[in-house]
Each structure stands twice: as structure tokens, then as C-alpha cells.
>>> print(open('query.csv').read())   # CSV, C-alpha atoms
chain,number,residue,atom,x,y,z
A,11,MET,CA,22.8,18.1,-5.8
A,12,PRO,CA,19.1,18.9,-6.2
A,13,VAL,CA,17.2,17.1,-9.0
A,14,ALA,CA,15.0,19.1,-11.3
A,15,ALA,CA,11.3,18.4,-11.0
A,16,SER,CA,11.3,17.3,-14.7
A,17,ASP,CA,13.8,14.6,-13.9
A,18,ILE,CA,11.7,13.0,-11.2
A,19,VAL,CA,9.2,10.2,-12.0
A,20,PRO,CA,6.7,10.1,-9.1
A,21,LEU,CA,5.2,6.6,-8.4
A,22,HIS,CA,2.7,5.2,-5.9
A,23,VAL,CA,3.3,1.5,-5.3
A,24,LEU,CA,2.0,-0.9,-2.6
A,25,GLY,CA,0.5,2.2,-1.0
A,26,THR,CA,3.9,3.9,-0.8
A,27,ASP,CA,5.2,6.9,-2.7
A,28,VAL,CA,8.5,6.3,-4.5
A,29,ASP,CA,10.3,9.0,-6.5
A,30,LEU,CA,12.6,8.0,-9.2
A,31,HIS,CA,15.5,10.5,-9.5
A,32,VAL,CA,16.7,10.2,-13.1
A,33,GLY,CA,20.1,11.4,-14.4
A,34,GLY,CA,23.1,10.6,-16.6
A,35,HIS,CA,23.1,10.0,-20.3
A,36,ARG,CA,20.0,11.0,-22.2
A,37,THR,CA,18.0,11.9,-19.1
A,38,PRO,CA,14.9,13.2,-20.9
A,39,HIS,CA,14.8,9.9,-22.9
A,40,LEU,CA,15.0,7.8,-19.7
A,41,VAL,CA,12.4,9.9,-17.9
A,42,GLN,CA,10.0,9.2,-20.8
A,43,VAL,CA,10.8,5.5,-20.9
A,44,LEU,CA,10.2,5.2,-17.2
A,45,ARG,CA,6.9,7.1,-17.4
A,46,ASP,CA,5.8,4.8,-20.2
A,47,ARG,CA,6.7,1.6,-18.4
A,48,TRP,CA,5.4,2.6,-15.0
A,49,HIS,CA,2.3,4.4,-16.3
A,50,LEU,CA,-0.2,2.5,-14.1
A,51,CYS,CA,1.8,3.5,-11.0
A,52,LEU,CA,2.3,7.2,-11.7
A,53,ARG,CA,1.1,9.8,-9.2
A,54,ALA,CA,-0.9,12.0,-11.6
A,55,ASP,CA,0.3,15.4,-10.5
A,56,GLY,CA,3.3,14.2,-8.5
A,57,THR,CA,1.8,15.3,-5.2
A,58,PRO,CA,2.7,13.0,-2.3
A,59,THR,CA,-0.3,10.9,-1.1
A,60,SER,CA,0.7,11.1,2.6
A,61,ALA,CA,2.7,13.1,5.1
A,62,GLU,CA,5.6,10.6,4.9
A,63,PRO,CA,8.3,11.7,2.5
A,64,PRO,CA,8.6,9.5,-0.6
A,65,GLN,CA,11.2,6.7,-0.9
A,66,VAL,CA,13.9,7.8,-3.3
A,67,VAL,CA,15.5,5.5,-5.9
A,68,GLY,CA,18.1,6.9,-8.3
A,69,ALA,CA,18.3,5.8,-12.0
A,70,THR,CA,21.3,6.8,-13.9
A,71,LEU,CA,21.9,5.8,-17.6
A,72,LEU,CA,25.7,5.9,-18.2
A,73,GLU,CA,27.5,6.7,-21.4
A,74,PRO,CA,27.7,3.5,-23.6
A,75,ASP,CA,31.5,3.2,-23.1
A,76,ALA,CA,31.3,3.8,-19.3
A,77,ALA,CA,32.0,1.0,-16.9
A,78,PRO,CA,28.7,-0.3,-15.5
A,79,GLY,CA,27.9,0.5,-11.9
A,80,ALA,CA,28.3,-2.3,-9.4
A,81,SER,CA,24.6,-1.8,-8.3
A,82,ALA,CA,23.3,-2.7,-11.7
A,83,THR,CA,25.7,-5.5,-12.9
A,84,SER,CA,27.1,-7.3,-9.9
A,85,ASP,CA,25.7,-10.0,-7.7
A,86,PRO,CA,24.4,-8.0,-4.6
A,87,ALA,CA,26.2,-10.5,-2.3
A,88,ALA,CA,29.5,-9.6,-4.0
A,89,ALA,CA,28.8,-5.8,-3.9
A,90,PRO,CA,28.5,-4.9,-0.2
A,91,GLY,CA,28.4,-1.2,-1.1
A,92,TRP,CA,25.0,-1.6,-2.8
A,93,ALA,CA,21.6,-2.1,-1.1
A,94,ARG,CA,18.4,-2.6,-3.1
A,95,GLY,CA,16.5,0.7,-3.0
A,96,ASP,CA,19.6,2.8,-3.5
A,97,SER,CA,20.7,4.4,-6.8
A,98,VAL,CA,21.0,2.1,-9.8
A,99,SER,CA,23.3,2.9,-12.7
A,100,ASP,CA,24.2,1.1,-15.9
A,101,SER,CA,25.2,1.8,-19.5
A,102,ASP,CA,22.8,-0.9,-20.7
A,103,GLU,CA,19.2,0.4,-20.7
A,104,PRO,CA,17.3,-2.9,-20.5
A,105,ARG,CA,19.5,-4.1,-17.6
A,106,LEU,CA,19.0,-0.7,-15.9
A,107,LEU,CA,15.3,-1.0,-16.2
A,108,GLN,CA,15.2,-4.5,-14.7
A,109,ARG,CA,17.4,-3.6,-11.8
A,110,LEU,CA,15.4,-0.4,-11.2
A,111,THR,CA,12.2,-2.5,-10.9
A,112,GLN,CA,13.9,-4.7,-8.3
A,113,SER,CA,15.0,-1.6,-6.3
A,114,VAL,CA,11.5,0.0,-6.4
A,115,THR,CA,10.0,-3.3,-5.2
A,116,TYR,CA,12.5,-3.6,-2.3
A,117,ALA,CA,12.0,0.1,-1.4
A,118,ALA,CA,8.2,-0.3,-1.2
A,119,ILE,CA,8.4,-3.6,0.7
A,120,GLY,CA,10.8,-2.0,3.2
A,121,ALA,CA,8.4,0.9,3.7
A,122,ARG,CA,5.4,-1.3,4.3
A,123,SER,CA,7.1,-4.0,6.4
A,124,GLY,CA,4.9,-4.7,9.5
A,125,GLU,CA,1.8,-3.1,7.9
A,126,LEU,CA,0.9,-5.5,5.0
A,127,LEU,CA,0.7,-9.2,4.5
A,128,MET,CA,2.9,-9.2,1.3
A,129,LEU,CA,2.7,-12.4,-0.8
A,130,HIS,CA,5.0,-13.1,-3.7
A,131,ALA,CA,2.1,-13.5,-6.1
A,132,ALA,CA,0.3,-12.5,-9.2
A,133,GLY,CA,-2.9,-10.8,-8.6
A,134,LEU,CA,-5.9,-10.4,-11.0
A,135,ALA,CA,-9.2,-8.8,-9.9
A,136,ASP,CA,-12.8,-8.6,-11.1
A,137,PRO,CA,-13.0,-5.1,-12.6
A,138,VAL,CA,-16.5,-4.5,-11.1
A,139,THR,CA,-16.4,-6.1,-7.7
A,140,GLY,CA,-12.6,-6.0,-6.9
A,141,ALA,CA,-12.5,-9.7,-6.0
A,142,THR,CA,-8.9,-10.7,-6.3
A,143,ALA,CA,-7.2,-14.0,-7.0
A,144,ALA,CA,-3.7,-14.3,-5.6
A,145,PHE,CA,-1.4,-16.9,-7.3
A,146,VAL,CA,1.6,-17.5,-5.1
A,147,ALA,CA,4.8,-18.9,-6.6
A,148,PRO,CA,8.5,-18.5,-6.7
A,149,GLY,CA,10.1,-16.3,-9.3
A,150,ASN,CA,10.2,-17.5,-12.9
A,151,THR,CA,7.4,-20.0,-12.5
A,152,GLY,CA,4.5,-18.5,-14.4
A,153,LYS,CA,3.1,-15.4,-12.5
A,154,THR,CA,3.9,-12.9,-15.3
A,155,THR,CA,2.7,-15.3,-18.0
A,156,LEU,CA,-0.6,-15.7,-16.1
A,157,CYS,CA,-1.1,-11.9,-16.0
A,158,ARG,CA,-0.2,-11.6,-19.7
A,159,THR,CA,-2.6,-14.3,-20.7
A,160,LEU,CA,-5.6,-14.0,-18.4
A,161,GLY,CA,-5.2,-10.4,-17.3
A,162,PRO,CA,-6.7,-8.4,-20.2
A,163,ALA,CA,-10.3,-9.4,-19.3
A,164,ARG,CA,-9.7,-8.4,-15.6
A,165,SER,CA,-7.9,-5.8,-13.5
A,166,TYR,CA,-4.2,-6.2,-13.2
A,167,VAL,CA,-3.1,-6.0,-9.5
A,168,SER,CA,0.5,-7.2,-9.8
A,169,ASP,CA,2.8,-9.8,-11.2
A,170,GLU,CA,5.1,-9.6,-8.3
A,171,THR,CA,3.7,-8.7,-4.8
A,172,VAL,CA,0.1,-8.8,-3.6
A,173,GLY,CA,-0.1,-6.6,-0.4
A,174,VAL,CA,-3.1,-7.4,1.9
A,175,ARG,CA,-4.3,-5.0,4.6
A,176,ARG,CA,-5.9,-6.2,7.8
A,177,ASP,CA,-9.4,-5.5,6.5
A,178,GLY,CA,-8.8,-7.8,3.5
A,179,THR,CA,-8.4,-5.0,0.9
A,180,VAL,CA,-5.4,-5.2,-1.4
A,181,THR,CA,-2.9,-2.5,-2.3
A,182,PRO,CA,-2.2,-2.7,-6.0
A,183,TYR,CA,1.3,-2.9,-7.5
A,184,PRO,CA,0.7,-2.8,-11.3
A,185,LYS,CA,4.4,-2.6,-12.1
A,186,PRO,CA,5.9,-3.2,-15.6
A,187,LEU,CA,5.7,-6.9,-16.4
A,188,SER,CA,9.2,-8.5,-16.2
A,189,THR,CA,9.2,-10.8,-19.2
A,190,ARG,CA,11.9,-13.2,-20.3
A,191,ARG,CA,13.1,-13.0,-23.9
A,192,PRO,CA,15.1,-15.7,-25.6
A,193,ASP,CA,17.2,-13.0,-27.4
A,194,TRP,CA,18.1,-11.3,-24.1
A,195,ALA,CA,20.4,-13.5,-22.1
A,196,GLY,CA,20.1,-12.9,-18.4
A,197,VAL,CA,18.0,-9.7,-18.7
A,198,LYS,CA,14.2,-9.4,-18.6
A,199,ASP,CA,12.1,-7.0,-20.7
A,200,GLU,CA,10.2,-4.5,-18.5
A,201,GLN,CA,7.0,-4.2,-20.5
A,202,ALA,CA,4.3,-1.5,-20.0
A,203,PRO,CA,1.1,-3.1,-18.8
A,204,GLY,CA,-1.0,-1.1,-21.2
A,205,SER,CA,0.9,-2.5,-24.2
A,206,LEU,CA,-0.3,-5.9,-23.2
A,207,GLY,CA,-3.9,-4.8,-22.7
A,208,LEU,CA,-3.8,-4.6,-18.9
A,209,ARG,CA,-5.5,-2.0,-16.8
A,210,ALA,CA,-5.2,-1.0,-13.1
A,211,PRO,CA,-8.1,-1.6,-10.8
A,212,GLU,CA,-10.8,1.1,-10.8
A,213,VAL,CA,-12.4,-0.2,-7.6
A,214,THR,CA,-10.6,-1.2,-4.4
A,215,PRO,CA,-9.4,-4.8,-4.7
A,216,TRP,CA,-10.0,-7.3,-1.9
A,217,LEU,CA,-8.6,-10.8,-1.4
A,218,ALA,CA,-11.0,-13.5,-2.5
A,219,GLY,CA,-8.7,-16.6,-2.7
A,220,VAL,CA,-5.2,-17.9,-2.6
A,221,VAL,CA,-3.7,-20.4,-4.9
A,222,LEU,CA,-0.2,-21.9,-5.0
A,223,LEU,CA,1.1,-22.4,-8.5
A,224,ARG,CA,3.1,-25.5,-9.6
A,225,ARG,CA,3.9,-25.4,-13.3
A,226,VAL,CA,5.1,-28.7,-14.7
A,227,GLU,CA,6.5,-28.8,-18.2
A,228,GLY,CA,4.7,-31.5,-20.2
A,229,HIS,CA,1.8,-31.8,-17.7
A,230,ARG,CA,-1.2,-33.3,-19.6
A,231,GLY,CA,-4.8,-33.0,-18.9
A,232,ALA,CA,-6.8,-30.6,-16.7
A,233,PRO,CA,-4.9,-28.9,-13.8
A,234,GLU,CA,-4.7,-31.0,-10.6
A,235,VAL,CA,-6.1,-29.1,-7.7
A,236,GLU,CA,-5.1,-30.1,-4.1
A,237,GLU,CA,-6.8,-28.6,-1.1
A,238,LEU,CA,-4.3,-27.7,1.6
A,239,ASP,CA,-5.0,-27.8,5.4
A,240,VAL,CA,-4.1,-24.6,7.3
A,241,LEU,CA,-0.7,-25.8,8.5
A,242,ASP,CA,0.5,-27.1,5.1
A,243,ALA,CA,-0.8,-23.9,3.5
A,244,ILE,CA,1.1,-21.7,6.0
A,245,MET,CA,4.3,-23.8,5.5
A,246,ALA,CA,4.0,-23.3,1.7
A,247,ILE,CA,3.1,-19.6,1.7
A,248,THR,CA,5.5,-18.1,4.3
A,249,PRO,CA,8.6,-18.7,2.2
A,250,GLU,CA,6.9,-16.8,-0.6
A,251,SER,CA,6.1,-13.7,1.5
A,252,SER,CA,8.1,-10.6,2.4
A,253,ALA,CA,8.7,-9.2,5.9
A,254,PHE,CA,6.3,-11.8,7.2
A,255,MET,CA,7.8,-12.0,10.8
A,256,ARG,CA,7.8,-8.2,11.1
A,257,THR,CA,4.0,-8.1,11.3
A,258,GLU,CA,2.0,-8.5,14.5
A,259,ARG,CA,1.0,-12.2,15.1
A,260,PRO,CA,1.7,-13.1,11.5
A,261,LEU,CA,0.7,-16.8,11.7
A,262,HIS,CA,-2.6,-15.8,13.2
A,263,TRP,CA,-3.1,-13.2,10.5
A,264,LEU,CA,-2.3,-15.6,7.6
A,265,ALA,CA,-4.5,-18.3,9.2
A,266,ASP,CA,-7.4,-15.8,9.4
A,267,VAL,CA,-6.9,-14.8,5.8
A,268,LEU,CA,-7.0,-18.4,4.7
A,269,ASP,CA,-10.1,-19.2,6.8
A,270,ARG,CA,-12.0,-16.2,5.4
A,271,THR,CA,-11.1,-17.0,1.8
A,272,GLY,CA,-11.9,-20.7,1.8
A,273,GLY,CA,-8.3,-22.0,2.4
A,274,ALA,CA,-5.4,-22.4,0.0
A,275,ARG,CA,-5.2,-24.8,-2.9
A,276,ARG,CA,-2.1,-26.0,-4.8
A,277,VAL,CA,-2.6,-26.3,-8.6
A,278,THR,CA,-0.4,-28.3,-10.8
A,279,TYR,CA,-0.6,-27.3,-14.5
A,280,GLY,CA,1.1,-27.2,-17.8
A,281,GLU,CA,-0.4,-24.4,-19.8
A,282,VAL,CA,-1.5,-21.2,-18.1
A,283,GLY,CA,-4.7,-21.0,-20.2
A,284,GLU,CA,-6.0,-24.0,-18.4
A,285,LEU,CA,-6.3,-21.8,-15.2
A,286,GLU,CA,-9.0,-19.6,-16.7
A,287,PRO,CA,-11.9,-21.5,-14.9
A,288,LEU,CA,-10.1,-21.2,-11.6
A,289,VAL,CA,-9.4,-17.5,-12.0
A,290,GLY,CA,-13.1,-17.0,-13.0
A,291,GLU,CA,-14.3,-18.9,-10.0
A,292,ILE,CA,-12.3,-16.9,-7.5
A,293,CYS,CA,-12.9,-13.5,-9.1
A,294,GLY,CA,-16.7,-14.4,-9.0
A,295,ARG,CA,-16.8,-14.7,-5.2
A,296,ARG,CA,-18.6,-12.5,-2.8
A,297,SER,CA,-16.5,-10.7,-0.1
A,298,PRO,CA,-16.0,-12.5,3.2
A,299,TRP,CA,-14.6,-9.4,4.8
>>> encode(input="query.csv", output="C-alpha cells")
Amino acid sequence: MPVAASDIVPLHVLGTDVDLHVGGHRTPHLVQVLRDRWHLCLRADGTPTSAEPPQVVGATLLEPDAAPGASATSDPAAAPGWARGDSVSDSDEPRLLQRLTQSVTYAAIGARSGELLMLHAAGLADPVTGATAAFVAPGNTGKTTLCRTLGPARSYVSDETVGVRRDGTVTPYPKPLSTRRPDWAGVKDEQAPGSLGLRAPEVTPWLAGVVLLRRVEGHRGAPEVEELDVLDAIMAITPESSAFMRTERPLHWLADVLDRTGGARRVTYGEVGELEPLVGEICGRRSPW
């Protein structure tokens, strides 16, 4: 069944067009919520940016007494009928928004597989030069907190995926920030970047440095910085990348990126505010590209 133009939220993420097809309970409300949360990724007039058709992700808010859809509430491994990037439905709005963010991310990653070096990282850029610091880390280990804390003075590239092109430029993914709340068990709050003082890059970002984050509760003193040799850096970074082996000569590409940007460092820290000098140093670099 065709979707009305008013029920489509057109996004551009990781250099890919993604259309959210919205339906179900309180459709106009959900459309507005999605436009608010994804405001930095909206295609202004909805026009596609390339000849390729947009990826499509469905978002359906069910009636409150309806049974939640398997795609939104079940472990994906236990729900073989669902693939990330397909339609998401749920009667719980916060849970729907979280699952939808995951589906948009996977749709975009799938579309750019083989084209980008995609790091599971937070990215902050100098608003004037575009110099971007990529902070690589597993989920739930500080990337979003880093963006919330140190991002307002810079350009927000992503709290999830930093996509690097062959020429060293970065494709922004300024998605809603997925924030844990103590009063929401098991569900993250998808917060609009603008509500946290974050802005999308106005100049093309480019990769200036790569840091692996290691947050340790109770860590005291200044952050501990460890320089990594190329092999150790590659071994640490590849598990925190997406579609890595689908690119051409991925190991050579990553090694070249590290060589150009001064190599990777691992930083052990306790409080994210302690990383300010490191972010400032990387975002103050001149382009090696």
C-alpha cells in the first residue's frame, strides 16, 4: 500500500538516503517525533541525493493494548523473521525509537559496505577546519557521553559510526544520541542532538586521529595514553568496525589511515571531561590527506 508523502521522513545518513515510512497509531505524532529526533539527518526537501533509490525502513506505532511486534521486542536471534533494516513496530514509543535507530544504522551500513571504512566510534570535528577525532569503543563504554560532554564546542559527527572515504574525508552520521536512563530499564532515550547543544558539521570532516577508549570506573589521575604499533592497532580496531572485510584490501587501507593520522592510541580514563586536551589536540591538526 502506498505511503503518503506526509508520512515519510527522508534522511541522509552515512552518505545514504533512508526513508522512514511511518504508520499505525498516531502517525502524525510519530512523524513529528522522528523529524525532531533526526533533525540533523533530514533531507531538507525530501529529494534523493543520488540516482540510487533510498533504503526504506518502516516505523509503526501500535495501539497501546496491541501485542508488540517481534521486530521491536524480541532478541533478533530468536526472531528469524526479522532483519535489521526491515519494518519495526511496537506499542511502546521509546522502545520503537531505539529499535528504529538500530534499523536505520544497519540499513545505512549495508548500503555502504565495501565503500567506507566504518569504525564503531564517536566523532567530533573542529567546526572550522573539519579535523575529526574518532574515538573507537564497544557499545555502552562512553562514546555518547563523550559527545554530550565535549561536543557542544565542536561539530557532532556521530556517536555510533564514523565512515571514512578513501580520500580521508568522513561521512557524518549525526543521529539521535542513544542515552541510558536509570528510570528506563533496558531502553535507551533517543535524544535530539540539538537539545544537547550539538550541531552538524558545516564543512566536510576529515579524519585527523584515531583513539581507542578504555573507561575504568574509579580510575584516578590523568588519562593513561598508550601508543599502539600498527599490528596491535589493527587487531584492536577491526572488531570495532563494520563490513571491514567487504572492502578492497582492508588491512592495507586501515594501515594507511593509521600511518597518515599518526597511529592509534589507547586511552584509559575515568571521567570523560579528562579527555578534553586530547580532543583539542587532534581537532587542532592539519590535514595529512
>>> residues_near_point(input="query.csv", point="(9.8, 4.3, -23.4)", cutoff="12 Å", atoms="all atoms listed in the file", output="list in words")
Thr37, Pro38, His39, Leu40, Val41, Gln42, Val43, Leu44, Arg45, Asp46, Arg47, Trp48, His49, Glu103, Pro104, Leu107, Pro186, Asp199, Glu200, Gln201, Ala202 and Ser205 of chain A
>>> closest_residue(input="query.csv", among="A:Leu129, A:Val114, A:Cys51, A:Leu106", to="Arg175 (chain A)", atoms="only C-alpha atoms")
A:Leu129
>>> residues_around(input="query.csv", residues="Gly25 (chain A)", least_positions_apart="3", cutoff="10 Å", atoms="only C-alpha atoms", output="list in words")
Leu21, His22, Val28, Thr59, Ser60, Ala118, Ile119, Ala121, Arg122, Leu126, Gly173, Val180, Thr181, Pro182 and Tyr183 of chain A
>>> atom_distance(input="query.csv", atom1="CA of Asp102 (chain A)", atom2="CA of Thr115 (chain A)")
20.2 Å
>>> closest_atom_pairs(input="query.csv", of="region 143-215 of chain A", to="region 265-287 of chain A", cutoff="12 Å", atoms="all atoms listed in the file", output="tab-separated table")
residue	atom	partner	partner_atom	distance
A:Ala143	CA	A:Thr271	CA	10.1
A:Ala144	CA	A:Ala274	CA	10.0
A:Phe145	CA	A:Arg276	CA	9.5
A:Val146	CA	A:Arg276	CA	9.3
A:Ala147	CA	A:Arg276	CA	10.1
A:Thr151	CA	A:Val282	CA	10.6
A:Gly152	CA	A:Val282	CA	7.5
A:Lys153	CA	A:Val282	CA	9.3
A:Thr154	CA	A:Val282	CA	10.3
A:Thr155	CA	A:Val282	CA	7.2
A:Leu156	CA	A:Val282	CA	5.9
A:Cys157	CA	A:Val282	CA	9.5
A:Arg158	CA	A:Val282	CA	9.8
A:Thr159	CA	A:Gly283	CA	7.0
A:Leu160	CA	A:Glu286	CA	6.8
A:Gly161	CA	A:Glu286	CA	10.0
A:Pro162	CA	A:Glu286	CA	12.0
A:Ala163	CA	A:Glu286	CA	10.6
A:Arg164	CA	A:Glu286	CA	11.3
A:Val174	CA	A:Val267	CA	9.2
A:Arg175	CA	A:Val267	CA	10.2
A:Arg176	CA	A:Val267	CA	8.9
A:Asp177	CA	A:Val267	CA	9.7
A:Gly178	CA	A:Val267	CA	7.6
A:Thr179	CA	A:Val267	CA	11.1
>>> closest_residue(input="query.csv", among="A:Ala246, A:Ile18, A:Ala232, A:Ala69", to="Arg109 (chain A)", atoms="all atoms listed in the file")
A:Ala69
>>> residues_around(input="query.csv", residues="Glu212 (chain A)", least_positions_apart="2", cutoff="9 Å", atoms="only C-alpha atoms", output="list in words")
Pro137, Val138, Gly140, Ser165, Arg209, Ala210, Thr214 and Pro215 of chain A
>>> atom_distance(input="query.csv", atom1="CA of Cys293 (chain A)", atom2="CA of Ala135 (chain A)")
6.0 Å
>>> atom_distance(input="query.csv", atom1="CA of Met245 (chain A)", atom2="CA of His262 (chain A)")
13.1 Å
>>> closest_residue(input="query.csv", among="A:Met128, A:Leu52, A:Ala15, A:Leu30", to="Met255 (chain A)", atoms="all atoms listed in the file")
A:Met128
>>> closest_residue(input="query.csv", among="A:Gly149, A:Gly204, A:Pro260, A:Pro63", to="Arg190 (chain A)", atoms="only C-alpha atoms")
A:Gly149
>>> closest_residue(input="query.csv", among="A:Leu71, A:Val23, A:Val172, A:Leu110", to="Ser252 (chain A)", atoms="only C-alpha atoms")
A:Val172
>>> closest_residue(input="query.csv", among="A:Ala61, A:Leu50, A:Val226, A:Val289", to="Gly207 (chain A)", atoms="only C-alpha atoms")
A:Leu50
>>> residues_around(input="query.csv", residues="Ile292 (chain A)", least_positions_apart="6", cutoff="8 Å", atoms="all atoms listed in the file", output="PyMOL selection string")
chain A and resi 141-143+218-219
>>> residues_around(input="query.csv", residues="Gly124 (chain A)", least_positions_apart="5", cutoff="9 Å", atoms="only C-alpha atoms", output="list in words")
Ala253, Phe254, Met255, Arg256, Thr257 and Glu258 of chain A
>>> build_atoms(input="query.csv", residues="region 154-165 of chain A", atoms="N, CA, C and O atoms", output="PDB file, in the frame of the given file")
ATOM      1  N   THR A 154       4.000 -13.935 -14.250  1.00  0.00           N
ATOM      2  CA  THR A 154       3.900 -12.900 -15.300  1.00  0.00           C
ATOM      3  C   THR A 154       3.127 -13.450 -16.498  1.00  0.00           C
ATOM      4  O   THR A 154       2.290 -12.757 -17.081  1.00  0.00           O
ATOM      5  N   THR A 155       3.401 -14.689 -16.872  1.00  0.00           N
ATOM      6  CA  THR A 155       2.700 -15.300 -18.000  1.00  0.00           C
ATOM      7  C   THR A 155       1.187 -15.364 -17.709  1.00  0.00           C
ATOM      8  O   THR A 155       0.355 -15.127 -18.594  1.00  0.00           O
ATOM      9  N   LEU A 156       0.831 -15.671 -16.466  1.00  0.00           N
ATOM     10  CA  LEU A 156      -0.600 -15.700 -16.100  1.00  0.00           C
ATOM     11  C   LEU A 156      -1.228 -14.342 -16.289  1.00  0.00           C
ATOM     12  O   LEU A 156      -2.329 -14.229 -16.832  1.00  0.00           O
ATOM     13  N   CYS A 157      -0.535 -13.291 -15.853  1.00  0.00           N
ATOM     14  CA  CYS A 157      -1.100 -11.900 -16.000  1.00  0.00           C
ATOM     15  C   CYS A 157      -1.210 -11.546 -17.467  1.00  0.00           C
ATOM     16  O   CYS A 157      -2.214 -10.949 -17.881  1.00  0.00           O
ATOM     17  N   ARG A 158      -0.208 -11.875 -18.245  1.00  0.00           N
ATOM     18  CA  ARG A 158      -0.200 -11.600 -19.700  1.00  0.00           C
ATOM     19  C   ARG A 158      -1.390 -12.263 -20.383  1.00  0.00           C
ATOM     20  O   ARG A 158      -2.056 -11.699 -21.251  1.00  0.00           O
ATOM     21  N   THR A 159      -1.630 -13.516 -19.997  1.00  0.00           N
ATOM     22  CA  THR A 159      -2.600 -14.300 -20.700  1.00  0.00           C
ATOM     23  C   THR A 159      -4.032 -14.133 -20.234  1.00  0.00           C
ATOM     24  O   THR A 159      -4.954 -14.011 -21.050  1.00  0.00           O
ATOM     25  N   LEU A 160      -4.227 -14.071 -18.924  1.00  0.00           N
ATOM     26  CA  LEU A 160      -5.600 -14.000 -18.400  1.00  0.00           C
ATOM     27  C   LEU A 160      -5.948 -12.639 -17.822  1.00  0.00           C
ATOM     28  O   LEU A 160      -7.094 -12.437 -17.401  1.00  0.00           O
ATOM     29  N   GLY A 161      -4.992 -11.703 -17.857  1.00  0.00           N
ATOM     30  CA  GLY A 161      -5.200 -10.400 -17.300  1.00  0.00           C
ATOM     31  C   GLY A 161      -6.072  -9.419 -18.113  1.00  0.00           C
ATOM     32  O   GLY A 161      -6.789  -8.602 -17.549  1.00  0.00           O
ATOM     33  N   PRO A 162      -6.001  -9.441 -19.453  1.00  0.00           N
ATOM     34  CA  PRO A 162      -6.700  -8.400 -20.200  1.00  0.00           C
ATOM     35  C   PRO A 162      -8.222  -8.364 -19.963  1.00  0.00           C
ATOM     36  O   PRO A 162      -8.836  -7.311 -20.129  1.00  0.00           O
ATOM     37  N   ALA A 163      -8.839  -9.448 -19.547  1.00  0.00           N
ATOM     38  CA  ALA A 163     -10.300  -9.400 -19.300  1.00  0.00           C
ATOM     39  C   ALA A 163     -10.567  -9.011 -17.826  1.00  0.00           C
ATOM     40  O   ALA A 163     -11.738  -8.903 -17.447  1.00  0.00           O
ATOM     41  N   ARG A 164      -9.513  -8.719 -17.053  1.00  0.00           N
ATOM     42  CA  ARG A 164      -9.700  -8.400 -15.600  1.00  0.00           C
ATOM     43  C   ARG A 164      -8.855  -7.153 -15.289  1.00  0.00           C
ATOM     44  O   ARG A 164      -8.307  -6.500 -16.155  1.00  0.00           O
ATOM     45  N   SER A 165      -8.794  -6.842 -14.010  1.00  0.00           N
ATOM     46  CA  SER A 165      -7.900  -5.800 -13.500  1.00  0.00           C
ATOM     47  C   SER A 165      -6.589  -6.370 -13.121  1.00  0.00           C
ATOM     48  O   SER A 165      -6.547  -7.429 -12.484  1.00  0.00           O
TER      49      SER A 165
END
